[in-house]
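K.L.:
Dumping the structure here so I can ask a few things about it.
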Amino acid sequence: MTSPVPFGRMLTAMATAFHADGSVDLDGTAAIAAHLVDHGNDGVVVSGTTGESPTTTVEEDGRILQAVKEAVGDRATVVAGVGTNSTAHSVELARQAARIGVDGVLLVTPYYNKPSQAGVLGHFRAVAGVSDLPVMLYDVPPRTVTSISLDTYAAMRELPHVVAVKNATGDLPGSARLVDLGYAVYSGDDAATLGYLAYGAVGLVSVVGHAAGDRLKAMIEAWVRGDHAEALRLHTSLVPAFDAVMGVPNYGATTAKAALQLLGVLDNRHVRGPLVALDDDEVAALRAGLVAAALI
């Protein structure tokens, strides 16, 4: 079956800007959102892993989400990350996102706790039950340890507003099973996006999109219209950027913010602990990768 495309094809899990004292920089965060929408993104995911959501409070998440919505307007979808390893906390975030009026929520598998599949399903149902906002489940075992079983996916599809999956499992063939269940599957791994598309995915939730949104969108669109050679050419042109952005141990917020600084979107690369900003040698390596990909 053909899955719908509920949030657009090209989305970036956006970074959250901080001041030197660690407080949230709402103007900087709004600038990131505007930059993404101006450069190929159909939507943005707010307060995900790259947004450093484990370090932000519910009140901060609300202010971040409001700032992004105001910056984006009706030009792109806004998906709020509401997944944590506490069901009560996630329910609170989901209620807040519904009040603010987003286009959907991203719900990651609870991490660290290592719940059973019954626990995962109960958590998902509790959070999804807060509203009728479209839900994108997020499966990323390298960060959460626990995977989402096919039975859990099937059970969640009984809720009509649970419509999408961000798949960062590395199990590309498994995406076809999720498509068969009726999910819109999004690649959660920039470098594997073409493979996910081949197994029926509809798009990408990116990190590299902070620097390469236009070209990633062109790559996806080339695949969708059947020009697979062009899609592969665009993918190949981005390999140095994939390697540079994803090639440091604490990639994500750190590399996204360094890339945004190199592009002139941000004037700093502040992150909250336990993350540490890229050092000068790491920034130089990132710059070399972006130059090799003709992004700067």
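Following the order of the structure tokens, first chain is A, next is B, and so on, with residues numbered from 1 inside each chain and ligands from 1 in the order they appear.
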Set the distance at 7 Å and use only C-alpha atoms: which residues neighbour region 88-101 of chain A once local chain neighbours fewer than 5 positions away are removed? I'd like the list as a ChimeraX atom specification.
P.N.:
/A:58,62,66,80,82-83,126-127,130-131
K.L.:
Select from region 102-228 of chain A everything DSSP, run on the backbone, classes as strand (DSSP E), then give the selection as a VMD selection string.
P.N.:
chain A and resid 104 to 108 135 to 139 162 to 167 184 to 187 203 to 206
K.L.:
Need to verify the contact set: Arg272 (chain A), 10 Å, only C-alpha atoms, exclusion of same-chain residues closer than 6 positions in sequence. Can you return it as a PyMOL selection string?
P.N.:
chain A and resi 17-24+52+54-56+253-254
K.L.:
Write the residues of the preceding selection, restricted to all heavy atoms, as a compact mmCIF listing (two decimals), in the first residue's frame.
P.N.:
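As a result, again.txt now contains:
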# COMPACT_ATOMS: atom_id res chain seq x y z
N ALA A 17 19.11 26.67 20.37
CA ALA A 17 20.21 27.59 20.66
C ALA A 17 20.22 27.95 22.15
O ALA A 17 19.16 28.08 22.78
CB ALA A 17 20.06 28.86 19.83
N PHE A 18 21.41 28.11 22.69
CA PHE A 18 21.59 28.52 24.09
C PHE A 18 22.53 29.71 24.18
O PHE A 18 23.41 29.88 23.34
CB PHE A 18 22.15 27.37 24.93
CG PHE A 18 21.25 26.17 25.02
CD1 PHE A 18 21.64 24.96 24.49
CD2 PHE A 18 20.01 26.25 25.64
CE1 PHE A 18 20.83 23.84 24.56
CE2 PHE A 18 19.18 25.15 25.73
CZ PHE A 18 19.58 23.95 25.19
N HIS A 19 22.33 30.51 25.22
CA HIS A 19 23.27 31.58 25.54
C HIS A 19 24.48 31.00 26.27
O HIS A 19 24.47 29.83 26.68
CB HIS A 19 22.60 32.64 26.42
CG HIS A 19 21.47 33.38 25.75
ND1 HIS A 19 21.68 34.23 24.69
CD2 HIS A 19 20.13 33.39 26.01
CE1 HIS A 19 20.52 34.75 24.31
NE2 HIS A 19 19.57 34.25 25.09
N ALA A 20 25.50 31.82 26.44
CA ALA A 20 26.72 31.36 27.11
C ALA A 20 26.47 30.89 28.53
O ALA A 20 27.18 30.02 29.04
CB ALA A 20 27.77 32.48 27.09
N ASP A 21 25.44 31.45 29.18
CA ASP A 21 25.13 31.04 30.56
C ASP A 21 24.25 29.81 30.62
O ASP A 21 23.83 29.37 31.70
CB ASP A 21 24.49 32.20 31.33
CG ASP A 21 23.11 32.60 30.77
OD1 ASP A 21 22.66 32.00 29.78
OD2 ASP A 21 22.51 33.54 31.34
N GLY A 22 23.93 29.23 29.47
CA GLY A 22 23.13 28.01 29.43
C GLY A 22 21.65 28.24 29.28
O GLY A 22 20.89 27.27 29.10
N SER A 23 21.19 29.47 29.34
CA SER A 23 19.76 29.75 29.17
C SER A 23 19.37 29.61 27.70
O SER A 23 20.19 29.70 26.79
CB SER A 23 19.42 31.15 29.67
OG SER A 23 20.14 32.14 28.95
N VAL A 24 18.08 29.35 27.47
CA VAL A 24 17.59 29.16 26.11
C VAL A 24 17.64 30.48 25.34
O VAL A 24 17.21 31.52 25.84
CB VAL A 24 16.15 28.62 26.12
CG1 VAL A 24 15.59 28.54 24.71
CG2 VAL A 24 16.09 27.25 26.78
N GLU A 52 18.43 18.67 22.26
CA GLU A 52 18.91 18.50 23.65
C GLU A 52 17.76 18.41 24.64
O GLU A 52 17.85 18.88 25.77
CB GLU A 52 19.90 19.60 24.02
CG GLU A 52 21.15 19.60 23.15
CD GLU A 52 22.11 20.73 23.44
OE1 GLU A 52 22.74 20.75 24.51
OE2 GLU A 52 22.22 21.62 22.56
N PRO A 54 16.70 16.11 26.64
CA PRO A 54 16.90 15.60 28.00
C PRO A 54 17.36 16.66 29.00
O PRO A 54 17.29 16.44 30.21
CB PRO A 54 17.99 14.52 27.81
CG PRO A 54 17.82 14.07 26.40
CD PRO A 54 17.48 15.33 25.66
N THR A 55 17.81 17.81 28.49
CA THR A 55 18.32 18.85 29.39
C THR A 55 17.38 20.03 29.57
O THR A 55 17.70 20.96 30.30
CB THR A 55 19.67 19.39 28.87
OG1 THR A 55 19.45 20.23 27.71
CG2 THR A 55 20.62 18.27 28.50
N THR A 56 16.22 20.02 28.91
CA THR A 56 15.32 21.17 28.98
C THR A 56 14.09 20.83 29.82
O THR A 56 13.65 19.69 29.88
CB THR A 56 14.86 21.61 27.58
OG1 THR A 56 14.30 20.48 26.88
CG2 THR A 56 16.03 22.17 26.78
N ALA A 253 23.51 17.58 18.24
CA ALA A 253 23.48 18.98 18.62
C ALA A 253 24.83 19.65 18.41
O ALA A 253 24.91 20.79 17.94
CB ALA A 253 23.05 19.12 20.08
N THR A 254 25.90 18.94 18.75
CA THR A 254 27.24 19.54 18.67
C THR A 254 27.62 19.85 17.23
O THR A 254 28.09 20.96 16.92
CB THR A 254 28.27 18.60 19.29
OG1 THR A 254 28.20 17.33 18.63
CG2 THR A 254 28.02 18.41 20.78
K.L.:
List the spatial neighbours of region 194-200 of chain A as a PyMOL selection string - criterion: any atom at most 9 Å away, only C-alpha atoms, same-chain residues fewer than 4 positions off excluded.
P.N.:
chain A and resi 2-3+167+171-176+178-179+184-187+189-190+204+219-220+223-224+231-232+235
K.L.:
Quick one: residues within 10 Å of Arg287 (chain A), only C-alpha atoms counted, chain neighbours fewer than 5 positions away excluded, as a ChimeraX atom specification?
P.N.:
/A:241,244-245,258-259,262-263,281-282,292-293,295-296
K.L.:
What is the CA of Ala192 (chain A) to CA of Gly247 (chain A) distance in Å?
P.N.:
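CA of Gly247 (chain A) lies at a distance of 14.5 Å from CA of Ala192 (chain A).
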K.L.:
Go ahead and compute the interatomic distance for CA of His35 (chain A) and CA of Met14 (chain A), in Å to one decimal.
P.N.:
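These atoms are spaced 10.3 Å apart.
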K.L.:
May I ask which of the residues A:His210, A:Arg233, A:Arg215, A:Arg143 is the closest one to Val44 (chain A), counting only C-alpha atoms?
P.N.:
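Among A:His210, A:Arg233, A:Arg215, A:Arg143, it is A:His210 that comes nearest to Val44 (chain A).
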K.L.:
Considering only C-alpha atoms, can you say which of A:Ala256, A:Ala168, A:Ala31, A:Leu216 comes closest to Leu278 (chain A)?
P.N.:
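Distance minimum relative to Leu278 (chain A) lands on A:Ala256.
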K.L.:
Please list as a PDB file with all heavy atoms, in the first residue's frame every residue within 9 Å of Leu159 (chain A), counting only C-alpha atoms and excluding residues in the same chain fewer than 4 positions away.
P.N.:
ATOM      1  N   ARG A 125       0.493   4.413  24.354  1.00  0.00           N
ATOM      2  CA  ARG A 125      -0.951   4.648  24.383  1.00  0.00           C
ATOM      3  C   ARG A 125      -1.310   5.810  25.299  1.00  0.00           C
ATOM      4  O   ARG A 125      -2.194   6.616  24.976  1.00  0.00           O
ATOM      5  CB  ARG A 125      -1.676   3.382  24.839  1.00  0.00           C
ATOM      6  CG  ARG A 125      -1.814   2.318  23.755  1.00  0.00           C
ATOM      7  CD  ARG A 125      -2.409   1.044  24.310  1.00  0.00           C
ATOM      8  NE  ARG A 125      -2.780   0.104  23.254  1.00  0.00           N
ATOM      9  CZ  ARG A 125      -3.039  -1.184  23.469  1.00  0.00           C
ATOM     10  NH1 ARG A 125      -2.974  -1.683  24.696  1.00  0.00           N
ATOM     11  NH2 ARG A 125      -3.370  -1.968  22.450  1.00  0.00           N
ATOM     12  N   ALA A 128      -0.158   9.074  23.405  1.00  0.00           N
ATOM     13  CA  ALA A 128      -0.976   9.304  22.212  1.00  0.00           C
ATOM     14  C   ALA A 128      -2.412   9.630  22.576  1.00  0.00           C
ATOM     15  O   ALA A 128      -3.113  10.317  21.817  1.00  0.00           O
ATOM     16  CB  ALA A 128      -0.931   8.078  21.299  1.00  0.00           C
ATOM     17  N   GLY A 129      -2.871   9.165  23.727  1.00  0.00           N
ATOM     18  CA  GLY A 129      -4.243   9.398  24.134  1.00  0.00           C
ATOM     19  C   GLY A 129      -4.544  10.792  24.620  1.00  0.00           C
ATOM     20  O   GLY A 129      -5.716  11.132  24.858  1.00  0.00           O
ATOM     21  N   ALA A 155      -0.235  -2.883  17.216  1.00  0.00           N
ATOM     22  CA  ALA A 155      -1.207  -2.436  18.208  1.00  0.00           C
ATOM     23  C   ALA A 155      -1.405  -0.925  18.162  1.00  0.00           C
ATOM     24  O   ALA A 155      -2.523  -0.424  18.305  1.00  0.00           O
ATOM     25  CB  ALA A 155      -0.763  -2.874  19.603  1.00  0.00           C
ATOM     26  N   VAL A 163       0.485   7.643  12.892  1.00  0.00           N
ATOM     27  CA  VAL A 163       0.563   7.556  11.433  1.00  0.00           C
ATOM     28  C   VAL A 163       1.962   7.369  10.871  1.00  0.00           C
ATOM     29  O   VAL A 163       2.103   7.037   9.691  1.00  0.00           O
ATOM     30  CB  VAL A 163      -0.040   8.831  10.795  1.00  0.00           C
ATOM     31  CG1 VAL A 163      -1.526   8.940  11.127  1.00  0.00           C
ATOM     32  CG2 VAL A 163       0.702  10.097  11.239  1.00  0.00           C
TER      33      VAL A 163
END
K.L.:
Excluding Lys114 (chain A) and any residue of its chain fewer than 3 positions from it, enumerate the residues within 10 Å of it, using only C-alpha atoms, and give them as a ChimeraX atom specification.
P.N.:
/A:85,109-111,117,119-120,144-147
K.L.:
Work out how far CA of Asn250 (chain A) is from CA of Val105 (chain A), in Å to one decimal.
P.N.:
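So the answer is 24.5 Å.
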K.L.:
Using only C-alpha atoms, can you tell me which of A:Leu234, A:Ala34, A:Val276, A:Ile148 comes closest to Pro115 (chain A)?
P.N.:
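Using only C-alpha atoms, the shortest distance to Pro115 (chain A) belongs to A:Ile148.
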K.L.:
Which of these, A:Ser116, A:Thr87, A:Thr29, A:Thr77, has the shortest distance to Gly43 (chain A) once you count only C-alpha atoms?
P.N.:
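For Gly43 (chain A), the nearest of the candidates is A:Thr77.
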K.L.:
Mind checking DSSP for region 4-250 of chain A and telling me the alpha helix (DSSP H) residues as an NGL selection string?
P.N.:
:A and (26-38 or 58-72 or 87-100 or 117-128 or 141-144 or 150-156 or 174-180 or 193-198 or 209-224 or 228-246)
K.L.:
Tell me which of A:Thr84, A:Met10, A:Ala285, A:Asp132 sits closest to Thr57 (chain A), counting only C-alpha atoms.
P.N.:
A:Thr84
